[in-house]
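Chemist: Next up is a structure, given as structure tokens.
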Amino acid sequence: NLVFIQFNRERKDGPLKPLPSKHVDTGMGLERLTSVLQNKMSNYDTDIFLPIFDDIHKATGARPYSGKVGQDDVDRVDTAYRVVADHIRTLSIAIADGSLPGNEGRGHVIRRILRRAVRFGKEILKADEGFLNRLVNSVIRVMGDVFIELKEHEKKITEIIEEEEASFCKTLEKGIENFWKAAQAVQENTLSGEIAFDLWATFGFPIDLTQLMAEE
């Protein structure tokens with residue numbers, strides 16, 4: 001399953017141009033290599049994630065992480081641990097590199113990631129408002145010695161996540177409550193555009209979050 005990264009095609013019918021640097025992508029990123037070296041079956045059982053899980057447990061009061069997946073994770077708490085840990089790492093590094101939450105392009109991606117982490121934290125882990133920005137320090141303790149930008153921009157990262165988190169939490173609770181009411185009445189597995197619009201217009205609940213929750 002190797003990928004040979006050799007050419008760039010700038011447009012659909014354009015010529016292939018050789019890249020200045022050529023690589024073989026083996027899929028063996030940091031987390032997979034760590035799981036091999038530490039003899040773990042899952043990336044999430046390595047020391048890249050476990051310290052963050054410990055801090056999520058302290059921040060939310062949820063039961064400790066137990067590694068359950070799929071149908072075994074009946075209360076979805078372990079899934080929420082993984083989502084929050086993954087997303088706070090992504091957010092911290094992306095913001096340190098200069099990306100900011102927004103309404104378009106990569107900024108919109110950052111905003112969706114942040115909102116998903118907040119929702120899993122509040123809805124499943126029963127976290128208090130503001131829990132997510134307090135996990136930035138956890139990411140820095142685990143990864144800051146290598147990703148030095150995390151240490152350099154800790155204050156900025158924390159403040160940006162805190163501001164976005166506070167803004168989103170104002171709309172989240174009522175929106176989720178009304179989403180589930182609507183979802184329980186759904187027929188043929190389709191949530192109407194009218195309901196999605198009403199959640200946005202009445203409660204400020206983002207359309208993309210309605211789509212994401214409907215898919216889940």
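Ordered as shown in the structure tokens, chains take letters A, B, and onward, while each chain numbers its residues from 1 and ligands are numbered from 1 in the order shown.
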Neighbouring residues of A:Phe203 were defined as those with any atom within 12 Å, considering only C-alpha atoms; residues of the same chain fewer than 5 positions away were excluded. Please report them as a VMD selection string.
Modeler: chain A and resid 168 to 179 195 to 198 210
Chemist: Give me the residues within 12 Å of stretch 87-95 of chain A as a PyMOL selection string, counting only C-alpha atoms and dropping any in the same chain fewer than 5 places off.
Modeler: chain A and resi 48-49+52-53+55-56+80-82+100-102+106-107+109-121+131-144+146-162+164-165
Chemist: Per DSSP on the backbone, what are the alpha helix (DSSP H) residues of stretch 30-159 of chain A, as a PyMOL selection string?
Modeler: chain A and resi 30-37+50-60+77-96+105-123+136-143+148-152+154-159
Chemist: Check the smallest atom-to-atom distance from each of A:Ala62, A:Leu33, A:Ala85, A:Ala96 to A:Lys122 using only C-alpha atoms, then report the winner.
Modeler: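 Checking each candidate against A:Lys122, we get A:Ala62 as the closest.
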Chemist: Please measure the separation of atom CA of A:Ser66 and atom CA of A:Val84, giving the value in Å to one decimal.
Modeler: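 It comes out at 14.9 Å.
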Chemist: Could you tell me how far atom CA of A:Asp25 sits from atom CA of A:Leu2, in Å to one decimal place?
Modeler: 5.8 Å
Chemist: Can you pull out every residue within 12 Å of A:Ser192, counting only C-alpha atoms, but drop anything in the same chain fewer than 6 positions away, and send it as a PyMOL selection string?
Modeler: chain A and resi 179+182-183+185-186+198-199+207+210-211+214
Chemist: So what do you get for atom CA of A:Asn103 versus atom CA of A:Asn189, distance-wise?
Modeler: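 Atom-to-atom, atom CA of A:Asn103 and atom CA of A:Asn189 are spaced 28.3 Å apart.
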Chemist: Compile the contact shell of stretch 12-24 of chain A as a tab-separated table (two decimals) with N, CA, C and O atoms, in the first residue's frame: residues with an atom at most 12 Å away, counting only C-alpha atoms, same-chain residues fewer than 4 positions apart removed.
Modeler:
chain	number	residue	atom	x	y	z
A	1	ASN	N	0.83	-1.20	0.00
A	1	ASN	CA	0.00	0.00	0.00
A	1	ASN	C	0.87	1.26	0.00
A	1	ASN	O	0.56	2.25	0.65
A	2	LEU	N	1.97	1.20	-0.73
A	2	LEU	CA	2.87	2.35	-0.79
A	2	LEU	C	2.40	3.36	-1.84
A	2	LEU	O	1.82	2.98	-2.86
A	3	VAL	N	2.63	4.62	-1.55
A	3	VAL	CA	2.29	5.69	-2.50
A	3	VAL	C	3.58	6.39	-2.90
A	3	VAL	O	4.30	6.91	-2.05
A	4	PHE	N	3.87	6.40	-4.21
A	4	PHE	CA	5.08	7.04	-4.71
A	4	PHE	C	4.75	8.47	-5.12
A	4	PHE	O	4.03	8.69	-6.11
A	5	ILE	N	5.24	9.42	-4.36
A	5	ILE	CA	4.93	10.83	-4.59
A	5	ILE	C	6.02	11.41	-5.48
A	5	ILE	O	7.14	11.67	-5.03
A	6	GLN	N	5.67	11.58	-6.76
A	6	GLN	CA	6.70	11.88	-7.76
A	6	GLN	C	6.35	13.05	-8.66
A	6	GLN	O	7.22	13.81	-9.07
A	7	PHE	N	5.05	13.21	-9.00
A	7	PHE	CA	4.63	14.23	-9.97
A	7	PHE	C	3.55	15.14	-9.40
A	7	PHE	O	2.88	14.80	-8.43
A	8	ASN	N	3.38	16.28	-10.06
A	8	ASN	CA	2.27	17.19	-9.75
A	8	ASN	C	1.55	17.53	-11.05
A	8	ASN	O	2.18	17.86	-12.05
A	28	MET	N	3.30	5.05	7.55
A	28	MET	CA	3.83	4.86	8.91
A	28	MET	C	4.12	6.21	9.55
A	28	MET	O	5.27	6.63	9.65
Chemist: Give the strand (DSSP E) residues of stretch 5-215 of chain A, as DSSP finds them on the backbone, and put them as a PyMOL selection string.
Modeler: chain A and resi 5-9+16-25
